[in-house]
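Presented below is the structure to which this report refers.
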Amino acid sequence: MAKVKYHYDPETLSYRKIERKKGKTVTYGFIFLLASSLFGFLFVFIASQYIQSPRERALKRELSNMELQYQLLNKRVDNAFAALESVEERDNSIYRLYFEANPIPQEQRRAGFGGVNRYKKYEGYDNSELIIESNKRLDKLQKAVVVQSRSLDEIAVLAEDKEKFLSSIPAIQPVRNKDLKRMASGYGYRTDPFTKVRKFHFGMDFTSPRGTPVYATGDGVVIRADNNATGYGNHIRIDHGYGYMSLYAHLYKYEVRSNQKVKRGDLIGYVGSTGRSEAPHLHYEIFKDEERINPINFYYGNLTAEEYARLLQKASLENQSLD
Ligand SMILES: [Zn+2]
C-alpha cells in the first residue's frame with residue numbers, strides 16, 4: 001500500500017494530505033521500468049565483455065586445441081623434412097654421383113609455388129598465418145617428394161642402362177682357363193711364328209686343344225661367323241654395343257650364325273687352327289671404336305686380383321705368338 005504523504009501549510013498552520021493524480025503515477029511507473037530495463041541491458045552487455053558464456057568457453061577451448069594440433073602437425077612436417085633430407089643427401093652424393101647424373105641443387109628441391117596466391121582462401125581469420133604457413137610447408141614437402149621421386153625414376157633408368165652396359169662389354173676369358181695355363185701370348189710386340197720377325201700382336205692367344213669350347217665374353221649380336229678375313233680362318237665377331245666388339249679366330253667349328261643374339265658365357269664355337277695359325281689355339285681380340293685394344297683389361301668378370309696379376313705377368317712376356 002502506498003504511503004500517505006502530508007504537506008504543512010503555514011497559512012492555515014495545519015497538515016494537509018498530498019493528493020497525487022493517478023495518471024502521473026502511471027507515467028512514473030513506466031519511466032522506472034524503462035530506466036531499470038535499460039540499466040539491466042547495459043549491465044548484461046558490460047558483463048558479457050568480461051564473463052564468458054559456457055558456449056564461448058567451449059569454442060575457445062576448441063580453438064586452442066586446434067592451434068595445438070597445428071603445432072604438432074608442424075612438428076611432424078619437420079620430421080618428414082628431416083627424413084626426406086637424408087634421402088636427398090644420399091641421392092645427390094651416392095646414387096646420382098654413381099650414375100654420373102648432376103646433383104639436384106637445394107633451390108630446386110625446395111622451390112615453392114610462384115604466381116597466383118594459392119592461400120587466399122585462408123586469409124582474414126585470427127589464425128590465418130598459422131594455417132597459411134602450415135599449408136605452405138606441406139606444399140613444399142609434397143613438391144620435394146615429387147622431385148625426389150623423379151630423381152629416383154631417372155636413376156632407375158640409368159641403373160638399367162648401366163646393368164645392360166656391364167653385361168655387354170667383354171669381361172671374361174673366352175676359354176675355360178681355371179689354372180691360367182692356357183695363355184700363350186699377349187698383346188704387344190711378339191715374334192711372328194712364320195717369319196720370325198718382331199711385329200705387333202693385336203690379340204691374346206690361348207693355347208687349347210682342338211675342340212675346346214669357346215664362349216662369348218659379353219652380351220651382344222654375332223655380326224660375322226665366316227672365314228672371309230685374311231689370316232683369321234674361321235672366325236666370329238660379336239658386336240657388344242657401346243663401341244665394343246670381340247673377335248675369336250682360328251676356330252674349328254661354329255655354334256652360332258650371323259645376326260644371332262648371344263649372352264656372356266654362351267658357347268659360340270670350338271678351338272681350331274684354321275687360317276694363319278701355327279698350332280691349335282684361340283686368338284682373341286677386342287675392338288673399341290674400331291681400334292684394337294689390349295684384352296688383358298677385360299677379364300675382371302671371373303678373375304681374382306691374384307689370378308689377374310699372374311695372367312698379366314704371363315701376357316706381358318715377350319715370346320713367340322701363335323698368331
Ligand atoms: Zn694370336
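Chain identifiers are assigned as A, B, and so on, following the order in which chains appear in the C-alpha cells; residues are numbered from 1 within each chain, and ligands are numbered from 1 in order of appearance.
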>> Would you pick out the contacts of region 206-208 of chain A at 7 Å or less, using only C-alpha atoms, so that residues sharing its chain but fewer than 3 positions from it are not included, and give the list as a PyMOL selection string?
In response: chain A and resi 182-184+212+271+280-283
How would the residues just picked look written out with N, CA, C and O atoms as a PDB file, in the first residue's frame?
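The resulting file, out.pdb, is shown below:
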```pdb
ATOM      1  N   ARG A 182      96.497 -71.671 -70.063  1.00  0.00           N
ATOM      2  CA  ARG A 182      96.193 -71.565 -71.483  1.00  0.00           C
ATOM      3  C   ARG A 182      96.743 -70.312 -72.160  1.00  0.00           C
ATOM      4  O   ARG A 182      96.507 -70.103 -73.333  1.00  0.00           O
ATOM      5  N   MET A 183      97.426 -69.457 -71.407  1.00  0.00           N
ATOM      6  CA  MET A 183      97.946 -68.229 -72.004  1.00  0.00           C
ATOM      7  C   MET A 183      99.221 -68.505 -72.789  1.00  0.00           C
ATOM      8  O   MET A 183     100.204 -68.962 -72.226  1.00  0.00           O
ATOM      9  N   ALA A 184      99.206 -68.227 -74.085  1.00  0.00           N
ATOM     10  CA  ALA A 184     100.424 -68.437 -74.876  1.00  0.00           C
ATOM     11  C   ALA A 184     101.114 -67.128 -75.173  1.00  0.00           C
ATOM     12  O   ALA A 184     102.327 -67.015 -75.055  1.00  0.00           O
ATOM     13  N   THR A 212      88.180 -77.411 -78.010  1.00  0.00           N
ATOM     14  CA  THR A 212      87.900 -76.770 -76.715  1.00  0.00           C
ATOM     15  C   THR A 212      86.793 -75.718 -76.907  1.00  0.00           C
ATOM     16  O   THR A 212      86.868 -74.923 -77.844  1.00  0.00           O
ATOM     17  N   VAL A 271      87.760 -74.368 -80.473  1.00  0.00           N
ATOM     18  CA  VAL A 271      89.129 -74.023 -80.848  1.00  0.00           C
ATOM     19  C   VAL A 271      89.594 -74.896 -82.018  1.00  0.00           C
ATOM     20  O   VAL A 271      89.280 -76.081 -82.091  1.00  0.00           O
ATOM     21  N   PRO A 280      96.840 -75.457 -82.793  1.00  0.00           N
ATOM     22  CA  PRO A 280      95.504 -75.148 -82.267  1.00  0.00           C
ATOM     23  C   PRO A 280      95.582 -74.130 -81.117  1.00  0.00           C
ATOM     24  O   PRO A 280      96.314 -74.345 -80.158  1.00  0.00           O
ATOM     25  N   HIS A 281      94.874 -73.043 -81.266  1.00  0.00           N
ATOM     26  CA  HIS A 281      94.804 -72.019 -80.207  1.00  0.00           C
ATOM     27  C   HIS A 281      93.661 -71.074 -80.542  1.00  0.00           C
ATOM     28  O   HIS A 281      93.178 -71.045 -81.679  1.00  0.00           O
ATOM     29  N   LEU A 282      93.245 -70.310 -79.550  1.00  0.00           N
ATOM     30  CA  LEU A 282      92.249 -69.270 -79.813  1.00  0.00           C
ATOM     31  C   LEU A 282      92.956 -67.926 -79.823  1.00  0.00           C
ATOM     32  O   LEU A 282      93.628 -67.561 -78.851  1.00  0.00           O
ATOM     33  N   HIS A 283      92.816 -67.215 -80.918  1.00  0.00           N
ATOM     34  CA  HIS A 283      93.319 -65.839 -80.983  1.00  0.00           C
ATOM     35  C   HIS A 283      92.122 -64.930 -80.686  1.00  0.00           C
ATOM     36  O   HIS A 283      91.093 -65.006 -81.348  1.00  0.00           O
TER      37      HIS A 283
END
```
>> What residues of the protein or nucleic acid chains come within 7 Å of ligand 1 when you use only C-alpha atoms and all ligand atoms? Reply as a list in words.
In response: His201, Gly203, Met204, Asp205, His283, Tyr284, Ser321, Leu322 and Asp323 of chain A
>> What's the separation between CA of Glu290 (chain A) and CA of Gly231 (chain A), in Å to one decimal place?
In response: 18.2 Å
>> Considering only C-alpha atoms, can you say which of A:Gly211, A:Pro193, A:Gly243, A:Gly265 comes closest to Glu278 (chain A)?
In response: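 The shortest atom-to-atom distance to Glu278 (chain A) comes from A:Pro193.
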> Which residues, written as a list of chain:residue names, have at least one atom at most 12 Å from Asp192 (chain A), with only C-alpha atoms counted and residues fewer than 4 positions away on the same chain left out?
Replying inline: A:Ser185, A:Gly188, A:Lys196, A:Val197, A:Arg198, A:Lys199, A:Phe200, A:His201, A:Phe202, A:Arg276, A:Ser277, A:Glu278, A:Glu318, A:Asn319, A:Gln320, A:Ser321, A:Leu322, A:Asp323
> When distances are computed from only C-alpha atoms, which of A:Ser316, A:Gln108, A:Ser48, A:Asn74 shows the smallest separation from Ala144 (chain A)?
Replying inline: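 Of A:Ser316, A:Gln108, A:Ser48, A:Asn74, the one nearest Ala144 (chain A), counting only C-alpha atoms, is A:Gln108.
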> Between A:Ala83, A:Ile94, A:Val262, A:Ile293, which one has atoms that come closest to Ser167 (chain A), using only C-alpha atoms?
Replying inline: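 With only C-alpha atoms as the atom set, the closest residue is A:Val262.
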> Using only C-alpha atoms, which of A:Leu34, A:Ile104, A:Val157, A:Ile131 sits nearest Tyr70 (chain A)?
Replying inline: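 Of A:Leu34, A:Ile104, A:Val157, A:Ile131, the one nearest Tyr70 (chain A), counting only C-alpha atoms, is A:Ile131.
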> Do you know which residues are at most 8 Å from Gln173 (chain A) counting only C-alpha atoms, after dropping those on the same chain fewer than 5 positions away, and could you put them as a list in words?
Replying inline: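 Those residues are Tyr215, Thr217, Phe298, Tyr299 and Asn302 of chain A.
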Any chance you can output those residues with N, CA and C atoms as an mmCIF file, in the first residue's frame?
```cif
data_model
loop_
_atom_site.group_PDB
_atom_site.id
_atom_site.type_symbol
_atom_site.label_atom_id
_atom_site.label_comp_id
_atom_site.auth_asym_id
_atom_site.auth_seq_id
_atom_site.Cartn_x
_atom_site.Cartn_y
_atom_site.Cartn_z
ATOM 1 N N TYR A 215 83.653 -69.336 -75.574
ATOM 2 C CA TYR A 215 82.455 -68.671 -75.048
ATOM 3 C C TYR A 215 82.419 -67.185 -75.408
ATOM 4 N N THR A 217 82.198 -63.437 -74.618
ATOM 5 C CA THR A 217 82.718 -62.793 -73.407
ATOM 6 C C THR A 217 81.808 -61.677 -72.893
ATOM 7 N N PHE A 298 90.127 -56.890 -69.828
ATOM 8 C CA PHE A 298 88.708 -57.261 -69.910
ATOM 9 C C PHE A 298 88.387 -58.650 -69.368
ATOM 10 N N TYR A 299 89.117 -59.046 -68.333
ATOM 11 C CA TYR A 299 88.846 -60.364 -67.750
ATOM 12 C C TYR A 299 88.391 -60.281 -66.297
ATOM 13 N N ASN A 302 85.780 -62.849 -64.139
ATOM 14 C CA ASN A 302 85.931 -64.135 -63.462
ATOM 15 C C ASN A 302 87.358 -64.387 -62.961
#
```
>> At a cut-off of 8 Å, using only C-alpha atoms, what residues contact Asp139 (chain A)? Leave out same-chain residues fewer than 4 positions from it and give the result as a PyMOL selection string.
In response: chain A and resi 112+135+143
> Running DSSP on the backbone, which parts of region 149-257 of chain A land in strand (DSSP E), as a ChimeraX atom specification?
Replying inline: /A:183-185,188-191,198-201,204-207,213-215,220-226,235-241,244-249,251-254
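Between CA of Tyr300 (chain A) and CA of Phe99 (chain A) there is a distance of 20.3 Å.
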> Near region 303-307 of chain A, counting only C-alpha atoms, which residues have an atom at most 9 Å away, once you skip same-chain residues fewer than 5 positions from it, shown as a list in words?
Replying inline: Ile172, Gln173, Asp179, Leu180 and Leu312 of chain A
Selected residues written out, all heavy atoms, as a PDB file, in the first residue's frame:
```pdb
ATOM      1  N   ILE A 172      85.023 -61.657 -69.532  1.00  0.00           N
ATOM      2  CA  ILE A 172      85.546 -62.952 -69.069  1.00  0.00           C
ATOM      3  C   ILE A 172      86.549 -63.478 -70.105  1.00  0.00           C
ATOM      4  O   ILE A 172      86.674 -62.929 -71.201  1.00  0.00           O
ATOM      5  CB  ILE A 172      84.417 -63.997 -68.856  1.00  0.00           C
ATOM      6  CG1 ILE A 172      83.657 -64.247 -70.158  1.00  0.00           C
ATOM      7  CG2 ILE A 172      83.462 -63.548 -67.752  1.00  0.00           C
ATOM      8  CD1 ILE A 172      82.708 -65.437 -70.097  1.00  0.00           C
ATOM      9  N   GLN A 173      87.226 -64.556 -69.771  1.00  0.00           N
ATOM     10  CA  GLN A 173      88.129 -65.170 -70.750  1.00  0.00           C
ATOM     11  C   GLN A 173      87.289 -66.024 -71.701  1.00  0.00           C
ATOM     12  O   GLN A 173      86.317 -66.652 -71.286  1.00  0.00           O
ATOM     13  CB  GLN A 173      89.165 -66.025 -70.040  1.00  0.00           C
ATOM     14  CG  GLN A 173      90.075 -65.187 -69.147  1.00  0.00           C
ATOM     15  CD  GLN A 173      91.097 -66.065 -68.449  1.00  0.00           C
ATOM     16  OE1 GLN A 173      92.110 -66.423 -69.038  1.00  0.00           O
ATOM     17  NE2 GLN A 173      90.809 -66.408 -67.217  1.00  0.00           N
ATOM     18  N   ASP A 179      93.315 -72.744 -64.307  1.00  0.00           N
ATOM     19  CA  ASP A 179      94.672 -72.673 -63.763  1.00  0.00           C
ATOM     20  C   ASP A 179      95.577 -71.715 -64.545  1.00  0.00           C
ATOM     21  O   ASP A 179      96.775 -71.671 -64.326  1.00  0.00           O
ATOM     22  CB  ASP A 179      95.299 -74.073 -63.706  1.00  0.00           C
ATOM     23  CG  ASP A 179      95.091 -74.811 -65.028  1.00  0.00           C
ATOM     24  OD1 ASP A 179      94.675 -74.142 -66.016  1.00  0.00           O
ATOM     25  OD2 ASP A 179      95.340 -76.017 -65.084  1.00  0.00           O
ATOM     26  N   LEU A 180      94.982 -70.984 -65.450  1.00  0.00           N
ATOM     27  CA  LEU A 180      95.687 -69.977 -66.252  1.00  0.00           C
ATOM     28  C   LEU A 180      96.847 -70.563 -67.050  1.00  0.00           C
ATOM     29  O   LEU A 180      97.825 -69.898 -67.325  1.00  0.00           O
ATOM     30  CB  LEU A 180      96.195 -68.840 -65.347  1.00  0.00           C
ATOM     31  CG  LEU A 180      95.155 -68.164 -64.457  1.00  0.00           C
ATOM     32  CD1 LEU A 180      95.806 -67.080 -63.622  1.00  0.00           C
ATOM     33  CD2 LEU A 180      94.032 -67.569 -65.276  1.00  0.00           C
ATOM     34  N   LEU A 312      98.472 -61.248 -66.028  1.00  0.00           N
ATOM     35  CA  LEU A 312      99.113 -60.034 -66.553  1.00  0.00           C
ATOM     36  C   LEU A 312     100.603 -60.299 -66.762  1.00  0.00           C
ATOM     37  O   LEU A 312     101.184 -59.926 -67.790  1.00  0.00           O
ATOM     38  CB  LEU A 312      98.910 -58.890 -65.554  1.00  0.00           C
ATOM     39  CG  LEU A 312      99.370 -57.500 -66.008  1.00  0.00           C
ATOM     40  CD1 LEU A 312      98.550 -57.058 -67.211  1.00  0.00           C
ATOM     41  CD2 LEU A 312      99.230 -56.490 -64.888  1.00  0.00           C
TER      42      LEU A 312
END
```
